[in-house]
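Take a look at the structure below.
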Amino acid sequence: MSYSIKYLENISATVNIPPDKSISHRALILASIAEGKTLIKNLLDCDDTRATLDCLRRLGVKITKKGKDALVQGCGKFFPKPKNEPLKLKANESGTTMRVLSGLLSTQKFSVEFEGKARLNQRPMARIIEPLRKMGANIEGRFYQPTRLGAEPEICPPLLIAPADQGIKGIDYGLPVSSAQVKSAIILAALYAEEKTIIREPHLSRDHTERMLKSFKVKIEVKEKEIVCYPAKKLESPGSLEVPADFSSAAFFIVLGLILKNSQITIKNVNLNPTRCGLLKVLKRMGANIQEERLSAEAYGNELCGDLKVKSSALTAATVGPQDIPSMIDEIPILSVAAALAKGNTLISGLDELRVKEADRLESIHSMLRRTGVVTRPVGASGIEIRGGTTLQKAEFDSFNDHRMAMSAIILGSTVGGCRINETKCIDKSFPEFISLINRLP
Ligand code: S3P
């Protein structure tokens, strides 16, 4: 249903952002293969984390929801063998569910048919299939030819995963593209390998799996962009762990606080893991008034957290390069909104990965900004120039069925007045309370 975007100014608010999506997936998965019970406090409840939870329950894990918390009864490394093989699992539209769980399922003693829904069925899976096969996994997908001109054929869901005939071997693998989902799939398979596994990344992607494994007493060494994973005899439950607020969800309110007139927004207890907060660095380079008050990492499974205080700021353009992208991979749509309102021309390059997210985000960003009259220009195959500082026109936005595009368009539209967006249901993928939070801003 089409939604009318409220005009906003003079906001002074403190907001509580929902729990981190990436950490919630990982907490559910690691607690499921640990020995003992784990209480996950403040677990995110959204379409994507529900997909992981449902898969784990189908794999025989007992998970009890209690308000915002979940109690997971770990299976102790191996899931119970299902009676009817192969087991059918649904990742729905969640890439993290499918990619990360596939690493674990490749090590189990039963077969799985793993299917996706909608756009996930067009998202590339060769990136996990290749390293997992090198480890001895028995995994295959479906051939798919994307319709975009010049796009290479891909291997996509559904995936068929059968037991590894010769067991799982450790590998030494360099990821061609930085990806936390791929890295995590390999790390989880490596727990079951006969020898150690070494993983290298071009630029460091989010490291929640590595940090959380330490809370589960697993030996894993991280040296800059190289990770050494050792086979684990068992994972020991830490008893409980708490999920902090999601930086990627907070990002919409950070940019909102900066671009609205005469406003300030405080965001409580947000995850400030440096592999996630690249946007903060770029916004500060653009002149953003953001104060960080660091809290502790102890309660959050080695994750650094803090409060952020954001005030209206006169932003100027920035240049963002490929090395900046992995730590802000999900924040480019909202960065493009900040760039549209900044003075000068912003250049962002190294955005190839944006084409294979929930939508082709590179094309979607051009479309969103151009509808308000902002001039944008493609730069090479994977860059964009955004000419900021022009007067914005009211617009009808498309969500592209992509939660982060929809939320970015709503933030942009809230500075203009009279804007609409064609649908907002897709926002439930990560941030179901977003619309009510925006509408309740004082
Ligand atoms: C995620 C990793 C990123 C990110 C996604 C969540 C994760 O994907 O875009 O929203 O939880 O590991 P890639 O690994 O494809 O970069």
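FYI, nothing fancy with the structure tokens labels: chains A, B, ... in order, residues from 1 per chain, ligands from 1 as they appear.
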
10 Å contact set for Ala164 (chain A), only C-alpha atoms, chain neighbours under 2 positions out, as a VMD selection string: chain A and resid 105 to 111 133 135 to 139 161 to 162 166 to 169

Contacts of ligand 1, 8 Å or closer, only C-alpha atoms and all ligand atoms, given as a ChimeraX atom specification: /A:21-23,25-26,95-96,100,178-184,205-206,208,326,329-330,353,357

May I have all residues of region 33-173 of chain A that DSSP, computed from the backbone, assigns to strand (DSSP E or B), given as a PDB file with N, CA, C and O atoms, in the first residue's frame?
ATOM      1  N   GLU A  35      27.125 -26.616  23.534  1.00  0.00           N
ATOM      2  CA  GLU A  35      26.641 -27.495  24.597  1.00  0.00           C
ATOM      3  C   GLU A  35      26.015 -26.634  25.664  1.00  0.00           C
ATOM      4  O   GLU A  35      26.605 -25.651  26.097  1.00  0.00           O
ATOM      5  N   LYS A  37      22.472 -24.579  27.571  1.00  0.00           N
ATOM      6  CA  LYS A  37      21.440 -23.606  27.193  1.00  0.00           C
ATOM      7  C   LYS A  37      22.051 -22.220  27.057  1.00  0.00           C
ATOM      8  O   LYS A  37      22.945 -21.868  27.820  1.00  0.00           O
ATOM      9  N   THR A  38      21.567 -21.440  26.103  1.00  0.00           N
ATOM     10  CA  THR A  38      22.004 -20.040  25.989  1.00  0.00           C
ATOM     11  C   THR A  38      20.772 -19.138  25.998  1.00  0.00           C
ATOM     12  O   THR A  38      19.838 -19.368  25.216  1.00  0.00           O
ATOM     13  N   LEU A  39      20.784 -18.143  26.885  1.00  0.00           N
ATOM     14  CA  LEU A  39      19.717 -17.153  26.882  1.00  0.00           C
ATOM     15  C   LEU A  39      20.188 -15.986  26.015  1.00  0.00           C
ATOM     16  O   LEU A  39      21.178 -15.327  26.345  1.00  0.00           O
ATOM     17  N   ILE A  40      19.511 -15.764  24.886  1.00  0.00           N
ATOM     18  CA  ILE A  40      19.857 -14.608  24.042  1.00  0.00           C
ATOM     19  C   ILE A  40      18.919 -13.470  24.436  1.00  0.00           C
ATOM     20  O   ILE A  40      17.708 -13.557  24.240  1.00  0.00           O
ATOM     21  N   LYS A  41      19.530 -12.423  25.027  1.00  0.00           N
ATOM     22  CA  LYS A  41      18.716 -11.289  25.462  1.00  0.00           C
ATOM     23  C   LYS A  41      18.623 -10.277  24.332  1.00  0.00           C
ATOM     24  O   LYS A  41      19.626  -9.982  23.689  1.00  0.00           O
ATOM     25  N   LYS A  62      15.628 -26.827  20.047  1.00  0.00           N
ATOM     26  CA  LYS A  62      14.505 -26.282  20.847  1.00  0.00           C
ATOM     27  C   LYS A  62      14.815 -24.826  21.188  1.00  0.00           C
ATOM     28  O   LYS A  62      15.810 -24.530  21.860  1.00  0.00           O
ATOM     29  N   ILE A  63      13.959 -23.922  20.698  1.00  0.00           N
ATOM     30  CA  ILE A  63      14.153 -22.488  20.971  1.00  0.00           C
ATOM     31  C   ILE A  63      12.843 -21.942  21.520  1.00  0.00           C
ATOM     32  O   ILE A  63      11.789 -22.083  20.883  1.00  0.00           O
ATOM     33  N   THR A  64      12.912 -21.358  22.714  1.00  0.00           N
ATOM     34  CA  THR A  64      11.696 -20.810  23.327  1.00  0.00           C
ATOM     35  C   THR A  64      11.814 -19.298  23.361  1.00  0.00           C
ATOM     36  O   THR A  64      12.791 -18.766  23.902  1.00  0.00           O
ATOM     37  N   LYS A  65      10.844 -18.617  22.788  1.00  0.00           N
ATOM     38  CA  LYS A  65      10.833 -17.142  22.819  1.00  0.00           C
ATOM     39  C   LYS A  65      10.162 -16.677  24.105  1.00  0.00           C
ATOM     40  O   LYS A  65       9.120 -17.204  24.498  1.00  0.00           O
ATOM     41  N   LYS A  66      10.793 -15.699  24.789  1.00  0.00           N
ATOM     42  CA  LYS A  66      10.177 -15.120  25.995  1.00  0.00           C
ATOM     43  C   LYS A  66      10.265 -13.619  25.850  1.00  0.00           C
ATOM     44  O   LYS A  66      11.318 -13.041  26.129  1.00  0.00           O
ATOM     45  N   ASP A  69      13.483 -11.984  24.499  1.00  0.00           N
ATOM     46  CA  ASP A  69      14.598 -12.919  24.670  1.00  0.00           C
ATOM     47  C   ASP A  69      14.270 -14.279  24.045  1.00  0.00           C
ATOM     48  O   ASP A  69      13.119 -14.563  23.745  1.00  0.00           O
ATOM     49  N   ALA A  70      15.313 -15.104  23.874  1.00  0.00           N
ATOM     50  CA  ALA A  70      15.089 -16.472  23.384  1.00  0.00           C
ATOM     51  C   ALA A  70      16.014 -17.409  24.143  1.00  0.00           C
ATOM     52  O   ALA A  70      17.190 -17.099  24.348  1.00  0.00           O
ATOM     53  N   LEU A  71      15.455 -18.535  24.546  1.00  0.00           N
ATOM     54  CA  LEU A  71      16.264 -19.544  25.236  1.00  0.00           C
ATOM     55  C   LEU A  71      16.523 -20.679  24.246  1.00  0.00           C
ATOM     56  O   LEU A  71      15.585 -21.288  23.729  1.00  0.00           O
ATOM     57  N   VAL A  72      17.813 -20.932  23.977  1.00  0.00           N
ATOM     58  CA  VAL A  72      18.182 -21.944  22.986  1.00  0.00           C
ATOM     59  C   VAL A  72      18.807 -23.131  23.707  1.00  0.00           C
ATOM     60  O   VAL A  72      19.752 -22.977  24.486  1.00  0.00           O
ATOM     61  N   GLN A  73      18.265 -24.308  23.443  1.00  0.00           N
ATOM     62  CA  GLN A  73      18.824 -25.547  24.015  1.00  0.00           C
ATOM     63  C   GLN A  73      19.775 -26.124  22.966  1.00  0.00           C
ATOM     64  O   GLN A  73      19.330 -26.664  21.951  1.00  0.00           O
ATOM     65  N   LEU A  87      16.039 -33.013   4.122  1.00  0.00           N
ATOM     66  CA  LEU A  87      15.237 -32.070   4.887  1.00  0.00           C
ATOM     67  C   LEU A  87      15.039 -30.794   4.067  1.00  0.00           C
ATOM     68  O   LEU A  87      15.997 -30.274   3.510  1.00  0.00           O
ATOM     69  N   LYS A  88      13.803 -30.313   3.991  1.00  0.00           N
ATOM     70  CA  LYS A  88      13.547 -29.066   3.239  1.00  0.00           C
ATOM     71  C   LYS A  88      13.637 -27.873   4.193  1.00  0.00           C
ATOM     72  O   LYS A  88      12.954 -27.847   5.212  1.00  0.00           O
ATOM     73  N   LEU A  89      14.488 -26.906   3.843  1.00  0.00           N
ATOM     74  CA  LEU A  89      14.625 -25.689   4.658  1.00  0.00           C
ATOM     75  C   LEU A  89      14.318 -24.472   3.801  1.00  0.00           C
ATOM     76  O   LEU A  89      14.637 -24.457   2.613  1.00  0.00           O
ATOM     77  N   LYS A  90      13.738 -23.445   4.431  1.00  0.00           N
ATOM     78  CA  LYS A  90      13.403 -22.212   3.700  1.00  0.00           C
ATOM     79  C   LYS A  90      14.143 -21.036   4.317  1.00  0.00           C
ATOM     80  O   LYS A  90      13.977 -20.764   5.505  1.00  0.00           O
ATOM     81  N   ALA A  91      14.938 -20.347   3.497  1.00  0.00           N
ATOM     82  CA  ALA A  91      15.629 -19.140   3.992  1.00  0.00           C
ATOM     83  C   ALA A  91      14.785 -17.899   3.716  1.00  0.00           C
ATOM     84  O   ALA A  91      15.159 -16.791   4.105  1.00  0.00           O
ATOM     85  N   ASN A  92      13.653 -18.082   3.032  1.00  0.00           N
ATOM     86  CA  ASN A  92      12.807 -16.946   2.593  1.00  0.00           C
ATOM     87  C   ASN A  92      13.655 -15.940   1.816  1.00  0.00           C
ATOM     88  O   ASN A  92      14.292 -16.325   0.865  1.00  0.00           O
ATOM     89  N   VAL A 112      20.098 -31.802   2.723  1.00  0.00           N
ATOM     90  CA  VAL A 112      19.185 -30.666   2.871  1.00  0.00           C
ATOM     91  C   VAL A 112      18.889 -30.070   1.504  1.00  0.00           C
ATOM     92  O   VAL A 112      19.782 -29.951   0.664  1.00  0.00           O
ATOM     93  N   GLU A 113      17.636 -29.706   1.307  1.00  0.00           N
ATOM     94  CA  GLU A 113      17.260 -28.898   0.139  1.00  0.00           C
ATOM     95  C   GLU A 113      16.958 -27.527   0.694  1.00  0.00           C
ATOM     96  O   GLU A 113      16.035 -27.371   1.501  1.00  0.00           O
ATOM     97  N   PHE A 114      17.754 -26.525   0.294  1.00  0.00           N
ATOM     98  CA  PHE A 114      17.660 -25.205   0.927  1.00  0.00           C
ATOM     99  C   PHE A 114      17.115 -24.225  -0.101  1.00  0.00           C
ATOM    100  O   PHE A 114      17.763 -23.927  -1.101  1.00  0.00           O
ATOM    101  N   GLU A 115      15.894 -23.732   0.134  1.00  0.00           N
ATOM    102  CA  GLU A 115      15.306 -22.843  -0.881  1.00  0.00           C
ATOM    103  C   GLU A 115      15.143 -21.421  -0.388  1.00  0.00           C
ATOM    104  O   GLU A 115      15.032 -21.164   0.808  1.00  0.00           O
ATOM    105  N   GLY A 116      15.162 -20.499  -1.351  1.00  0.00           N
ATOM    106  CA  GLY A 116      14.955 -19.086  -1.047  1.00  0.00           C
ATOM    107  C   GLY A 116      13.624 -18.633  -1.628  1.00  0.00           C
ATOM    108  O   GLY A 116      12.887 -19.437  -2.206  1.00  0.00           O
ATOM    109  N   ASN A 138      29.685 -31.275  -0.182  1.00  0.00           N
ATOM    110  CA  ASN A 138      28.893 -31.776  -1.291  1.00  0.00           C
ATOM    111  C   ASN A 138      27.710 -30.812  -1.468  1.00  0.00           C
ATOM    112  O   ASN A 138      26.662 -31.002  -0.867  1.00  0.00           O
ATOM    113  N   ILE A 139      27.929 -29.745  -2.222  1.00  0.00           N
ATOM    114  CA  ILE A 139      26.915 -28.680  -2.297  1.00  0.00           C
ATOM    115  C   ILE A 139      26.772 -28.203  -3.734  1.00  0.00           C
ATOM    116  O   ILE A 139      27.773 -28.025  -4.434  1.00  0.00           O
ATOM    117  N   GLU A 140      25.533 -28.033  -4.182  1.00  0.00           N
ATOM    118  CA  GLU A 140      25.323 -27.497  -5.525  1.00  0.00           C
ATOM    119  C   GLU A 140      24.102 -26.575  -5.559  1.00  0.00           C
ATOM    120  O   GLU A 140      23.260 -26.634  -4.657  1.00  0.00           O
ATOM    121  N   GLY A 141      24.049 -25.721  -6.609  1.00  0.00           N
ATOM    122  CA  GLY A 141      22.924 -24.794  -6.747  1.00  0.00           C
ATOM    123  C   GLY A 141      22.339 -24.878  -8.141  1.00  0.00           C
ATOM    124  O   GLY A 141      22.548 -25.859  -8.851  1.00  0.00           O
ATOM    125  N   ARG A 142      21.608 -23.823  -8.528  1.00  0.00           N
ATOM    126  CA  ARG A 142      20.897 -23.799  -9.806  1.00  0.00           C
ATOM    127  C   ARG A 142      21.524 -22.728 -10.694  1.00  0.00           C
ATOM    128  O   ARG A 142      21.842 -21.633 -10.216  1.00  0.00           O
ATOM    129  N   PHE A 143      21.667 -23.050 -11.962  1.00  0.00           N
ATOM    130  CA  PHE A 143      22.216 -22.096 -12.935  1.00  0.00           C
ATOM    131  C   PHE A 143      21.189 -20.973 -13.158  1.00  0.00           C
ATOM    132  O   PHE A 143      20.004 -21.230 -13.333  1.00  0.00           O
ATOM    133  N   TYR A 144      21.646 -19.723 -13.166  1.00  0.00           N
ATOM    134  CA  TYR A 144      20.718 -18.598 -13.394  1.00  0.00           C
ATOM    135  C   TYR A 144      21.407 -17.522 -14.234  1.00  0.00           C
ATOM    136  O   TYR A 144      22.552 -17.154 -13.959  1.00  0.00           O
ATOM    137  N   GLU A 154      25.071 -17.023 -13.098  1.00  0.00           N
ATOM    138  CA  GLU A 154      25.367 -17.247 -11.682  1.00  0.00           C
ATOM    139  C   GLU A 154      24.822 -18.603 -11.214  1.00  0.00           C
ATOM    140  O   GLU A 154      23.991 -19.195 -11.890  1.00  0.00           O
ATOM    141  N   ILE A 155      25.317 -19.066 -10.077  1.00  0.00           N
ATOM    142  CA  ILE A 155      24.734 -20.228  -9.405  1.00  0.00           C
ATOM    143  C   ILE A 155      23.921 -19.675  -8.235  1.00  0.00           C
ATOM    144  O   ILE A 155      24.452 -18.957  -7.379  1.00  0.00           O
ATOM    145  N   CYS A 156      22.644 -20.004  -8.225  1.00  0.00           N
ATOM    146  CA  CYS A 156      21.711 -19.403  -7.260  1.00  0.00           C
ATOM    147  C   CYS A 156      20.940 -20.486  -6.516  1.00  0.00           C
ATOM    148  O   CYS A 156      21.064 -21.667  -6.830  1.00  0.00           O
ATOM    149  N   PRO A 157      20.117 -20.117  -5.523  1.00  0.00           N
ATOM    150  CA  PRO A 157      19.283 -21.106  -4.840  1.00  0.00           C
ATOM    151  C   PRO A 157      18.241 -21.686  -5.817  1.00  0.00           C
ATOM    152  O   PRO A 157      17.948 -21.053  -6.822  1.00  0.00           O
ATOM    153  N   PRO A 158      17.644 -22.840  -5.494  1.00  0.00           N
ATOM    154  CA  PRO A 158      17.845 -23.625  -4.279  1.00  0.00           C
ATOM    155  C   PRO A 158      19.182 -24.346  -4.255  1.00  0.00           C
ATOM    156  O   PRO A 158      19.747 -24.634  -5.309  1.00  0.00           O
ATOM    157  N   LEU A 159      19.652 -24.645  -3.035  1.00  0.00           N
ATOM    158  CA  LEU A 159      20.900 -25.385  -2.860  1.00  0.00           C
ATOM    159  C   LEU A 159      20.576 -26.814  -2.412  1.00  0.00           C
ATOM    160  O   LEU A 159      19.614 -27.027  -1.667  1.00  0.00           O
ATOM    161  N   LEU A 160      21.384 -27.741  -2.903  1.00  0.00           N
ATOM    162  CA  LEU A 160      21.288 -29.126  -2.424  1.00  0.00           C
ATOM    163  C   LEU A 160      22.572 -29.415  -1.684  1.00  0.00           C
ATOM    164  O   LEU A 160      23.671 -29.265  -2.238  1.00  0.00           O
ATOM    165  N   ILE A 161      22.448 -29.793  -0.426  1.00  0.00           N
ATOM    166  CA  ILE A 161      23.643 -30.058   0.380  1.00  0.00           C
ATOM    167  C   ILE A 161      23.545 -31.491   0.903  1.00  0.00           C
ATOM    168  O   ILE A 161      22.567 -31.850   1.570  1.00  0.00           O
ATOM    169  N   ALA A 162      24.543 -32.296   0.555  1.00  0.00           N
ATOM    170  CA  ALA A 162      24.564 -33.696   1.017  1.00  0.00           C
ATOM    171  C   ALA A 162      25.781 -33.883   1.929  1.00  0.00           C
ATOM    172  O   ALA A 162      26.684 -33.039   1.937  1.00  0.00           O
ATOM    173  N   ASP A 172      43.269 -23.059   2.802  1.00  0.00           N
ATOM    174  CA  ASP A 172      43.882 -21.736   2.870  1.00  0.00           C
ATOM    175  C   ASP A 172      43.229 -20.975   1.725  1.00  0.00           C
ATOM    176  O   ASP A 172      43.438 -21.300   0.552  1.00  0.00           O
ATOM    177  N   TYR A 173      42.375 -20.005   2.038  1.00  0.00           N
ATOM    178  CA  TYR A 173      41.510 -19.422   1.007  1.00  0.00           C
ATOM    179  C   TYR A 173      41.495 -17.902   1.056  1.00  0.00           C
ATOM    180  O   TYR A 173      41.305 -17.309   2.117  1.00  0.00           O
TER     181      TYR A 173
END

Proximity to Ala31 (chain A) - best of A:Gly418, A:Pro378, A:Gly74, A:Pro322, only C-alpha atoms: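 Under the stated criterion, the closest residue is A:Gly74.
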
Closest of A:Glu210, A:Glu130, A:Asp307, A:Phe216 to Ser32 (chain A) - atom-to-atom distances counting only C-alpha atoms: A:Phe216

Contact residues around Asn401 (chain A) with only C-alpha atoms at 10 Å, ignoring same-chain residues under 4 positions, as a VMD selection string: chain A and resid 118 to 119 358 to 359 405 to 406 422 to 427 429

Put those residues in a file: C-alpha atoms, as a PDB file, in the first residue's frame.
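What landed in again22.pdb:
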ATOM      1  CA  ALA A 118      11.753 -13.891  -4.478  1.00  0.00           C
ATOM      2  CA  ARG A 119      15.025 -11.992  -5.001  1.00  0.00           C
ATOM      3  CA  GLU A 358      18.033  -7.183  -2.030  1.00  0.00           C
ATOM      4  CA  ALA A 359      17.724  -5.026  -5.179  1.00  0.00           C
ATOM      5  CA  MET A 405      16.093   1.502  -0.135  1.00  0.00           C
ATOM      6  CA  ALA A 406      12.600   2.062   1.333  1.00  0.00           C
ATOM      7  CA  ASN A 422       4.727   2.764  -3.231  1.00  0.00           C
ATOM      8  CA  GLU A 423       5.018   0.211  -0.381  1.00  0.00           C
ATOM      9  CA  THR A 424       6.708  -0.241   2.982  1.00  0.00           C
ATOM     10  CA  LYS A 425       6.076  -3.942   3.823  1.00  0.00           C
ATOM     11  CA  CYS A 426       9.645  -4.819   2.774  1.00  0.00           C
ATOM     12  CA  ILE A 427      10.946  -2.853   5.814  1.00  0.00           C
ATOM     13  CA  LYS A 429      12.935  -7.617   6.690  1.00  0.00           C
TER      14      LYS A 429
END
